[in-house]
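> Sharing protein.csv, CSV, C-alpha atoms:
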```
chain,number,residue,atom,x,y,z
A,849,MET,CA,99.8,103.7,50.1
A,850,LYS,CA,97.7,100.7,51.1
A,851,TYR,CA,100.2,99.9,54.0
A,852,TYR,CA,100.1,103.5,55.1
A,853,LYS,CA,96.3,103.4,55.3
A,854,LEU,CA,96.3,100.1,57.1
A,855,PHE,CA,98.8,101.5,59.6
A,856,LEU,CA,96.8,104.6,60.1
A,857,PHE,CA,93.6,102.6,60.6
A,858,LEU,CA,95.2,100.3,63.3
A,859,PHE,CA,97.0,103.1,65.0
A,860,THR,CA,93.8,105.2,65.2
A,861,LEU,CA,91.9,102.2,66.6
A,862,ASN,CA,94.6,101.7,69.2
A,863,ILE,CA,94.4,105.4,70.3
A,864,VAL,CA,90.6,105.4,70.4
A,865,PHE,CA,90.4,102.3,72.6
A,866,SER,CA,93.2,103.1,74.9
A,867,HIS,CA,92.4,106.7,75.7
A,868,ASN,CA,88.9,107.4,77.0
A,869,ILE,CA,89.0,111.1,77.8
A,870,TYR,CA,86.1,110.9,80.3
A,871,ALA,CA,87.5,107.9,82.2
A,872,ASP,CA,89.5,110.0,84.6
A,873,LYS,CA,86.5,111.9,85.8
A,874,LEU,CA,84.2,109.0,86.7
A,875,ILE,CA,83.5,106.9,89.7
A,876,THR,CA,83.5,103.1,90.3
A,877,LYS,CA,80.2,101.3,90.2
A,878,LEU,CA,80.1,98.7,93.0
A,879,ALA,CA,78.8,95.3,92.1
A,880,ASP,CA,77.9,94.2,95.6
A,881,LYS,CA,75.8,97.2,96.7
A,882,LYS,CA,76.2,96.7,100.4
A,883,LEU,CA,73.8,98.4,102.8
A,884,ALA,CA,75.4,101.5,104.2
A,885,VAL,CA,75.9,101.5,108.0
A,886,ASN,CA,73.7,104.1,109.6
A,887,PHE,CA,75.4,106.9,111.6
A,888,LYS,CA,74.5,109.6,114.0
A,889,LEU,CA,76.9,112.6,113.8
A,890,PRO,CA,76.8,116.2,114.8
A,891,ASP,CA,77.1,119.0,112.3
A,892,MET,CA,78.9,122.3,113.0
A,893,ASP,CA,76.0,123.6,115.1
A,894,GLY,CA,75.7,120.4,117.1
A,895,LYS,CA,72.6,119.2,115.4
A,896,ILE,CA,72.6,115.4,115.0
A,897,HIS,CA,72.2,113.9,111.5
A,898,GLN,CA,71.5,110.3,110.8
A,899,LEU,CA,72.1,108.7,107.4
A,900,SER,CA,68.5,107.3,107.7
A,901,ASP,CA,67.2,110.9,107.6
A,902,TYR,CA,68.2,111.0,103.9
A,903,LYS,CA,66.5,107.7,102.9
A,904,GLY,CA,64.6,108.0,99.6
A,905,GLN,CA,67.2,110.2,98.0
A,906,PRO,CA,70.7,109.7,96.6
A,907,VAL,CA,73.4,110.8,99.1
A,908,ILE,CA,77.0,111.8,98.2
A,909,ILE,CA,79.2,111.3,101.3
A,910,ASN,CA,82.7,112.6,101.3
A,911,PHE,CA,85.2,111.6,104.0
A,912,TRP,CA,87.9,114.3,104.4
A,913,ALA,CA,90.3,116.1,106.7
A,914,THR,CA,91.7,119.7,106.6
A,915,TRP,CA,95.3,118.5,106.5
A,916,CYS,CA,94.7,116.2,103.4
A,917,PRO,CA,96.0,118.0,100.3
A,918,PRO,CA,93.7,116.1,97.8
A,919,CYS,CA,90.7,116.9,100.0
A,920,ARG,CA,91.5,120.6,99.8
A,921,GLU,CA,91.8,120.3,96.1
A,922,GLU,CA,88.5,118.4,95.7
A,923,LEU,CA,86.3,120.4,98.0
A,924,PRO,CA,85.8,123.5,95.8
A,925,SER,CA,84.5,121.3,93.0
A,926,MET,CA,82.1,119.6,95.5
A,927,ASN,CA,80.8,123.0,96.5
A,928,ARG,CA,80.2,123.9,92.8
A,929,GLY,CA,78.6,120.5,92.3
A,930,TRP,CA,76.3,121.1,95.3
A,931,ALA,CA,75.2,124.4,93.8
A,932,LYS,CA,74.1,122.4,90.8
A,933,ILE,CA,72.2,119.6,92.6
A,934,LYS,CA,70.9,121.1,95.8
A,935,SER,CA,67.4,121.6,94.4
A,936,GLU,CA,67.3,118.2,92.7
A,937,GLY,CA,66.5,116.0,95.8
A,938,ILE,CA,70.1,114.8,96.2
A,939,ALA,CA,72.0,115.2,99.5
A,940,MET,CA,75.7,115.9,99.9
A,941,LEU,CA,77.5,115.4,103.2
A,942,ALA,CA,81.2,116.0,104.1
A,943,ILE,CA,82.2,113.9,107.0
A,944,ASN,CA,85.4,115.3,108.6
A,945,VAL,CA,87.6,112.7,110.3
A,946,GLY,CA,89.2,113.4,113.7
A,947,GLU,CA,89.1,117.2,113.9
A,948,ASP,CA,87.2,119.7,116.0
A,949,GLU,CA,84.8,122.5,115.2
A,950,ASP,CA,87.4,125.3,115.5
A,951,THR,CA,89.8,123.6,113.1
A,952,ILE,CA,87.1,123.1,110.5
A,953,PHE,CA,85.6,126.6,111.0
A,954,THR,CA,89.0,128.2,110.4
A,955,PHE,CA,89.5,126.0,107.3
A,956,THR,CA,86.1,126.9,105.8
A,957,GLY,CA,87.2,130.5,105.9
A,958,ASP,CA,89.6,129.6,103.0
A,959,TYR,CA,87.5,126.8,101.5
A,960,PRO,CA,83.8,127.6,101.8
A,961,ILE,CA,81.6,124.5,102.2
A,962,ASP,CA,77.9,125.3,101.6
A,963,PHE,CA,76.6,121.7,102.2
A,964,THR,CA,76.4,119.9,105.5
A,965,VAL,CA,79.6,119.1,107.3
A,966,LEU,CA,79.5,116.4,109.9
A,967,LEU,CA,82.1,115.6,112.6
A,968,ASP,CA,83.4,112.1,113.1
A,969,GLN,CA,85.9,113.1,115.8
A,970,SER,CA,86.4,109.6,117.2
A,971,GLY,CA,86.7,108.0,113.8
A,972,ASP,CA,84.1,105.4,114.8
A,973,VAL,CA,82.0,106.0,111.7
A,974,ILE,CA,84.8,105.9,109.1
A,975,ASN,CA,86.1,102.7,110.7
A,976,GLN,CA,82.7,101.0,110.0
A,977,TRP,CA,82.7,102.1,106.3
A,978,PRO,CA,84.7,100.5,103.5
A,979,ILE,CA,87.4,103.2,103.4
A,980,LYS,CA,91.2,103.0,103.3
A,981,GLY,CA,92.3,106.6,102.6
A,982,LEU,CA,91.2,110.2,102.4
A,983,PRO,CA,89.5,111.6,100.5
A,984,THR,CA,87.0,108.8,99.7
A,985,THR,CA,83.5,109.6,98.4
A,986,LEU,CA,80.7,107.1,98.4
A,987,VAL,CA,77.3,107.4,96.8
A,988,VAL,CA,74.4,105.9,98.6
A,989,ASP,CA,71.2,105.2,96.6
A,990,PRO,CA,67.6,105.9,97.8
A,991,GLN,CA,67.4,102.4,99.2
A,992,GLY,CA,70.4,103.0,101.5
A,993,ARG,CA,72.9,100.9,99.5
A,994,ILE,CA,76.5,102.0,98.6
A,995,VAL,CA,76.5,102.0,94.8
A,996,TYR,CA,79.5,104.1,93.8
A,997,ARG,CA,82.9,104.8,95.2
A,998,ALA,CA,85.7,107.3,94.4
A,999,ILE,CA,89.0,106.8,96.1
A,1000,GLY,CA,90.9,110.1,95.8
A,1001,GLY,CA,89.6,113.4,94.5
A,1002,ARG,CA,87.3,114.0,91.6
A,1003,GLU,CA,85.8,117.0,89.8
A,1004,TRP,CA,82.4,116.8,91.4
A,1005,ASP,CA,80.9,119.6,89.3
A,1006,ALA,CA,81.3,117.6,86.1
A,1007,ASP,CA,77.9,116.7,84.7
A,1008,GLU,CA,79.2,113.3,83.4
A,1009,LEU,CA,79.7,112.4,87.1
A,1010,LEU,CA,76.7,114.1,88.5
A,1011,ASN,CA,74.4,112.4,85.9
A,1012,LEU,CA,75.4,109.1,87.4
A,1013,VAL,CA,74.0,110.3,90.8
A,1014,ARG,CA,70.9,111.9,89.2
A,1015,ALA,CA,70.1,108.6,87.5
A,1016,LEU,CA,69.7,107.0,90.9
A,1017,LYS,CA,66.6,109.0,91.7
B,1262,MET,CA,88.0,93.8,55.8
B,1263,LEU,CA,91.3,94.0,57.5
B,1264,ASN,CA,92.2,90.5,56.5
B,1265,MET,CA,91.2,91.2,52.9
B,1266,LYS,CA,93.5,94.2,52.8
B,1267,ILE,CA,96.3,92.1,54.2
B,1268,LYS,CA,95.7,89.3,51.7
B,1269,ASN,CA,95.8,91.7,48.9
B,1270,MET,CA,99.3,92.9,49.7
B,1271,THR,CA,101.7,91.7,47.1
B,1272,SER,CA,104.9,91.9,49.1
B,1273,SER,CA,105.0,89.5,52.1
B,1274,HIS,CA,108.2,91.1,53.2
B,1275,LEU,CA,106.7,94.5,53.4
B,1276,ARG,CA,103.6,93.1,55.0
B,1277,ARG,CA,105.7,91.5,57.8
B,1278,GLN,CA,107.5,94.8,58.3
B,1279,VAL,CA,104.3,96.8,58.6
B,1280,LEU,CA,102.7,94.3,61.0
B,1281,GLY,CA,105.9,94.0,63.0
B,1282,PHE,CA,106.0,97.7,63.4
B,1283,ILE,CA,102.4,97.9,64.5
B,1284,PHE,CA,102.7,95.1,67.0
B,1285,GLY,CA,105.9,96.6,68.2
B,1286,ILE,CA,104.1,99.8,69.0
B,1287,LEU,CA,101.4,97.9,70.8
B,1288,ALA,CA,103.8,95.8,72.8
B,1289,PHE,CA,105.9,98.8,73.7
B,1290,GLN,CA,102.9,100.5,75.2
B,1291,ASN,CA,102.3,97.5,77.5
B,1292,ILE,CA,105.8,96.9,78.7
B,1293,TYR,CA,107.1,100.4,78.9
B,1294,ALA,CA,108.4,101.3,82.3
B,1295,ASP,CA,109.2,104.9,82.9
B,1296,ILE,CA,111.1,106.1,86.0
B,1297,THR,CA,111.9,109.7,86.4
B,1298,LYS,CA,113.7,111.6,89.1
B,1299,THR,CA,113.1,115.3,89.5
B,1300,ILE,CA,114.4,117.8,92.0
B,1301,SER,CA,111.9,120.4,93.2
B,1302,PRO,CA,113.5,123.8,92.4
B,1303,GLU,CA,111.7,125.3,95.5
B,1304,THR,CA,112.5,122.6,98.2
B,1305,GLN,CA,115.4,120.7,96.6
B,1306,LEU,CA,113.5,117.5,97.5
B,1307,ILE,CA,113.6,114.6,95.1
B,1308,GLU,CA,110.6,113.0,93.6
B,1309,TRP,CA,110.8,109.5,92.0
B,1310,LYS,CA,108.0,108.8,89.6
B,1311,LEU,CA,107.3,105.4,88.2
B,1312,ILE,CA,104.8,104.7,85.4
B,1313,GLU,CA,104.4,101.0,84.6
B,1314,ASN,CA,101.5,99.0,83.4
B,1315,ASN,CA,98.9,101.6,84.4
B,1316,LEU,CA,100.4,102.0,87.8
B,1317,GLU,CA,101.6,105.5,88.6
B,1318,LEU,CA,103.6,105.8,91.7
B,1319,LYS,CA,105.3,108.9,93.1
B,1320,LEU,CA,107.7,108.8,96.0
B,1321,ILE,CA,108.6,112.3,97.4
B,1322,GLN,CA,111.2,112.9,100.0
B,1323,ARG,CA,110.1,114.6,103.3
B,1324,LEU,CA,112.6,116.3,105.5
B,1325,PRO,CA,112.6,115.0,109.0
B,1326,ASP,CA,111.5,118.4,110.3
B,1327,GLN,CA,108.5,118.4,107.9
B,1328,THR,CA,107.3,115.1,109.4
B,1329,ARG,CA,108.1,116.2,112.9
B,1330,SER,CA,106.0,119.4,112.6
B,1331,PHE,CA,103.1,117.5,111.1
B,1332,PHE,CA,102.9,115.1,114.1
B,1333,GLU,CA,103.8,117.7,116.7
B,1334,ALA,CA,100.7,119.7,115.5
B,1335,ARG,CA,98.7,116.6,116.2
B,1336,ASN,CA,99.9,116.4,119.8
B,1337,PHE,CA,102.3,113.5,119.4
B,1338,PRO,CA,104.9,113.5,122.2
B,1339,LYS,CA,108.5,114.5,121.3
B,1340,ASP,CA,110.0,111.0,121.6
B,1341,ILE,CA,107.5,109.4,119.2
B,1342,THR,CA,107.7,112.4,116.8
B,1343,ASN,CA,111.4,112.0,116.6
B,1344,ASP,CA,111.2,108.3,116.0
B,1345,ILE,CA,108.8,108.8,113.0
B,1346,ALA,CA,110.7,111.9,111.7
B,1347,ASN,CA,114.0,109.9,111.6
B,1348,SER,CA,112.6,106.8,109.9
B,1349,CYS,CA,112.9,107.9,106.3
B,1350,VAL,CA,109.3,109.1,105.6
B,1351,PHE,CA,108.3,109.7,102.0
B,1352,GLN,CA,105.1,111.1,100.7
B,1353,THR,CA,103.6,108.5,98.4
B,1354,ILE,CA,100.9,108.9,95.7
B,1355,THR,CA,99.6,105.9,93.9
B,1356,ARG,CA,97.2,106.0,91.0
B,1357,ASN,CA,95.5,103.6,88.7
B,1358,ASN,CA,95.8,105.1,85.2
B,1359,SER,CA,94.0,102.3,83.5
B,1360,LYS,CA,91.2,103.1,81.1
B,1361,ASP,CA,90.1,99.5,81.1
B,1362,THR,CA,87.3,98.9,83.6
B,1363,ASN,CA,88.7,95.5,84.5
B,1364,GLN,CA,92.2,96.6,85.4
B,1365,SER,CA,92.1,96.8,89.2
B,1366,ILE,CA,95.4,97.4,90.8
B,1367,HIS,CA,96.2,96.0,94.3
B,1368,VAL,CA,99.1,97.3,96.4
B,1369,SER,CA,100.3,95.5,99.5
B,1370,LEU,CA,103.2,97.3,101.3
B,1371,LYS,CA,103.8,93.9,103.1
B,1372,LYS,CA,105.5,92.8,99.9
B,1373,TRP,CA,107.7,95.8,99.5
B,1374,LEU,CA,111.3,95.6,100.6
B,1375,ILE,CA,114.3,97.9,101.0
B,1376,LYS,CA,117.9,96.9,100.4
B,1377,ILE,CA,120.8,98.6,102.0
B,1378,GLY,CA,124.0,97.1,100.8
B,1379,PRO,CA,123.5,93.3,100.8
B,1380,LYS,CA,120.8,93.4,103.4
B,1381,THR,CA,117.1,93.5,102.6
B,1382,GLN,CA,114.3,94.3,105.1
B,1383,PRO,CA,110.6,95.0,105.2
B,1384,LEU,CA,109.1,98.5,105.5
B,1385,LYS,CA,108.1,99.8,108.9
B,1386,LEU,CA,104.3,99.6,108.4
B,1387,LYS,CA,101.7,101.5,110.3
B,1388,GLU,CA,100.7,98.4,112.2
B,1389,THR,CA,104.2,98.1,113.6
B,1390,TRP,CA,104.1,101.7,114.8
B,1391,GLU,CA,100.7,101.2,116.4
B,1392,LYS,CA,101.9,98.1,118.2
B,1393,GLU,CA,104.9,100.1,119.6
B,1394,TRP,CA,102.5,102.7,121.0
B,1395,LYS,CA,100.1,100.2,122.5
B,1396,ASN,CA,101.1,101.2,126.1
B,1397,SER,CA,101.9,104.8,125.4
B,1398,SER,CA,99.9,107.8,126.4
B,1399,LEU,CA,99.2,108.7,122.8
B,1400,SER,CA,95.7,110.1,122.5
B,1401,SER,CA,93.1,108.4,120.3
B,1402,ALA,CA,92.9,111.6,118.2
B,1403,SER,CA,96.6,111.4,117.5
B,1404,LYS,CA,96.4,107.8,116.6
B,1405,LEU,CA,93.5,108.6,114.3
B,1406,ALA,CA,95.6,111.3,112.5
B,1407,PHE,CA,98.5,108.9,112.1
B,1408,ARG,CA,96.2,106.2,110.7
B,1409,TRP,CA,94.7,108.4,108.0
B,1410,ALA,CA,97.9,110.4,107.2
B,1411,THR,CA,99.9,107.2,106.4
B,1412,PHE,CA,99.6,105.1,103.3
B,1413,PRO,CA,97.3,102.0,103.7
B,1414,THR,CA,99.2,98.8,104.1
B,1415,GLU,CA,96.7,97.1,101.6
B,1416,GLN,CA,94.6,98.9,99.0
B,1417,SER,CA,92.9,98.3,95.7
B,1418,PHE,CA,92.7,101.0,93.1
B,1419,GLU,CA,90.0,100.8,90.5
B,1420,PRO,CA,90.2,102.4,87.1
B,1421,ASN,CA,88.4,105.7,86.5
B,1422,GLY,CA,91.1,107.6,88.4
B,1423,ASP,CA,91.3,106.0,91.8
B,1424,TYR,CA,94.3,107.3,93.7
B,1425,ASN,CA,95.5,107.6,97.2
B,1426,TRP,CA,98.4,109.3,99.0
B,1427,GLY,CA,100.0,109.1,102.4
B,1428,MET,CA,103.3,108.8,104.2
B,1429,ILE,CA,105.3,105.7,104.2
B,1430,SER,CA,108.2,105.2,106.6
B,1431,PHE,CA,110.9,103.1,105.0
B,1432,GLY,CA,112.8,102.8,108.2
B,1433,PRO,CA,116.5,103.9,107.7
B,1434,LYS,CA,118.1,106.9,109.2
B,1435,PRO,CA,118.4,110.3,107.4
B,1436,GLY,CA,121.2,110.2,104.8
B,1437,THR,CA,120.8,106.5,104.0
B,1438,THR,CA,120.7,105.4,100.4
B,1439,PHE,CA,118.6,102.4,99.6
B,1440,ASP,CA,117.0,100.4,96.8
B,1441,LEU,CA,113.3,99.7,96.9
B,1442,TYR,CA,111.5,96.6,95.7
B,1443,ILE,CA,107.9,97.4,94.7
B,1444,GLU,CA,105.3,94.8,94.0
B,1445,TRP,CA,101.7,95.2,92.9
B,1446,LYS,CA,99.0,93.1,91.2
B,1447,ILE,CA,96.9,93.9,88.2
B,1448,ASN,CA,94.0,91.5,88.1
B,1449,LYS,CA,95.9,89.0,90.3
B,1450,GLN,CA,98.9,89.1,88.0
B,1451,THR,CA,102.0,90.1,90.0
B,1452,LYS,CA,104.3,92.8,88.7
B,1453,ASN,CA,107.4,94.2,90.4
B,1454,ILE,CA,110.3,96.5,89.9
B,1455,TRP,CA,113.4,97.7,91.8
B,1456,LEU,CA,113.9,101.5,92.2
B,1457,LYS,CA,117.6,102.2,92.7
B,1458,ASN,CA,119.4,104.7,95.0
B,1459,LEU,CA,116.6,106.3,96.9
B,1460,ILE,CA,117.8,108.7,99.5
B,1461,CYS,CA,116.4,109.4,102.9
B,1462,PRO,CA,116.9,113.2,103.2
B,1463,LYS,CA,118.6,115.0,106.0
B,1464,ASN,CA,117.5,118.2,107.6
B,1465,ARG,CA,119.1,121.3,106.0
```
What is this structure when it is put down as structure tokens?


Amino acid sequence: MKYYKLFLFLFTLNIVFSHNIYADKLITKLADKKLAVNFKLPDMDGKIHQLSDYKGQPVIINFWATWCPPCREELPSMNRGWAKIKSEGIAMLAINVGEDEDTIFTFTGDYPIDFTVLLDQSGDVINQWPIKGLPTTLVVDPQGRIVYRAIGGREWDADELLNLVRALK
Amino acid sequence: MLNMKIKNMTSSHLRRQVLGFIFGILAFQNIYADITKTISPETQLIEWKLIENNLELKLIQRLPDQTRSFFEARNFPKDITNDIANSCVFQTITRNNSKDTNQSIHVSLKKWLIKIGPKTQPLKLKETWEKEWKNSSLSSASKLAFRWATFPTEQSFEPNGDYNWGMISFGPKPGTTFDLYIEWKINKQTKNIWLKNLICPKNR
């Protein structure tokens, strides 16, 4: 009986420490906190947005493309996340890489995006940011530093994740 | 408390058996390499999935016509589209499944090799393609689409669910069977494995 209890104790410890059920949903905290490169990009109506316009508030910046399957999977959760945070002084931007207004407009018929979509048609902006694949999402703090990164999609309406961004305010 | 319990055990033989069993389970979790091969009932395309030391890697066949249509839609000229389509393109998904915040995984496709019969060769990386197109009329928009639709040559994946996907061109013609040498690093410790008998699919 003693051995059975000992086994059960060690086995439970092993399970507890090797399976964090929230780990899959979180984002990576960056140690170096590099200053984000400012950009000037048009939105769908041609209005120019600069990153510096958002200084003083946390900004979630998602790089995506319509042909990228994980981007399509992730965007609805970003839209739901946006509905939660839009009145909290947090900005959310979706920077499309390499596509035109018509392509994005058609896409948003199937995948509504209520937050600001910016167009990086030449790819000049993404080339200046620390990004290797799509989708990648970066969180910029109110001081303009990149503090979190998620490579691949996440569930952006999860409060465990949004609370990390809220804590930056 | 644990030591006290162990000391109190009367049978050293039984104690060794219990501890051996427990450590066996722990060790098994760390060295277990799982490779599965599944055929999609809808497309009949094969997916190879490797789970090893927190690396999850999926390699999914793409028909040459699938690849051709993707690049044609991005205004690639026919000759280049055909070259890519016939170079054994697989959709690749890589994920860091680690729950340990220190377990960063680094993948460099420069280290990967394919073996056909006795001959080994490197992969055809995106940099090689881009070099070939240096003097072509390929638009910058098309080059941009290629760059972001293909798997990065070098990338680090942090825990907390980092993953990436993209096309990899292994190089051989449709119908070729090859072995693939995969190498990655977990916290600078190099790991590797051979995947046997991958098949470049032919159009149907």

> Hey, which of B:Gln1327, B:Glu1388, B:Lys1404, B:Thr1362 ends up closest to Leu878 of chain A? Count all atoms listed in the file.

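Result for the nearest residue to Leu878 of chain A: B:Thr1362.
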
> Find the residues with any atom within 8 Å of (103.9, 107.0, 100.2); use all atoms listed in the file and the coordinates as given in the file, and write the answer as a list of chain:residue names.

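So the residues meeting the distance criterion are B:Lys1319, B:Leu1320, B:Ile1321, B:Val1350, B:Phe1351, B:Gln1352, B:Thr1353, B:Ile1354, B:Thr1355, B:Thr1411, B:Phe1412, B:Trp1426, B:Gly1427, B:Met1428, B:Ile1429, B:Ser1430.
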
> Neighbourhood query: residues within 8 Å of (78.5, 105.0, 91.1), file coordinates, counting all atoms listed in the file; return as a PyMOL selection string.

chain A and resi 875-878+986-987+995-997+1012-1013

> From the set A:Thr914, A:Asn886, A:Thr956, A:Gln969, which residue has the shortest atom-to-atom contact distance to chain B, counting only C-alpha atoms?

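Closest to chain B, using only C-alpha atoms: A:Gln969.
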
> Just how far from atom CA of Pro978 of chain A is atom CA of Phe1431 of chain B, in Å to one decimal?

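Separation of atom CA of Phe1431 of chain B and atom CA of Pro978 of chain A: 26.4 Å.
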
> Using atom CA of Lys934 of chain A and atom CA of Glu947 of chain A as the two end points, give the distance in Å to one decimal.

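If I compute the distance from atom CA of Lys934 of chain A to atom CA of Glu947 of chain A, I get 26.0 Å.
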
> Would you kindly report the residues of chain B within 6 Å of chain A, using only C-alpha atoms, as JSON, numbers by chain?

{"B": [1421, 1422, 1423, 1424, 1425]}

> Could you check the closest approach to Gly1436 of chain B for each of B:Ile1296, B:Val1368, B:Cys1461, B:Leu1324 and tell me which residue wins, using all atoms listed in the file?

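The answer is B:Cys1461, which sits nearest to Gly1436 of chain B.
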
> May I ask for the distance between atom CA of Arg1408 of chain B and atom CA of Lys882 of chain A, given in Å to one decimal place?

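Answer for the atom CA of Arg1408 of chain B to atom CA of Lys882 of chain A separation: 24.4 Å.
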
> Could you list, as a VMD selection string, every residue within 10 Å of Asn1357 of chain B, counting only C-alpha atoms and ignoring same-chain residues fewer than 3 positions away?

(chain A and resid 872) or (chain B and resid 1312 1314 to 1318 1360 1364 to 1367 1417 to 1425 1447)
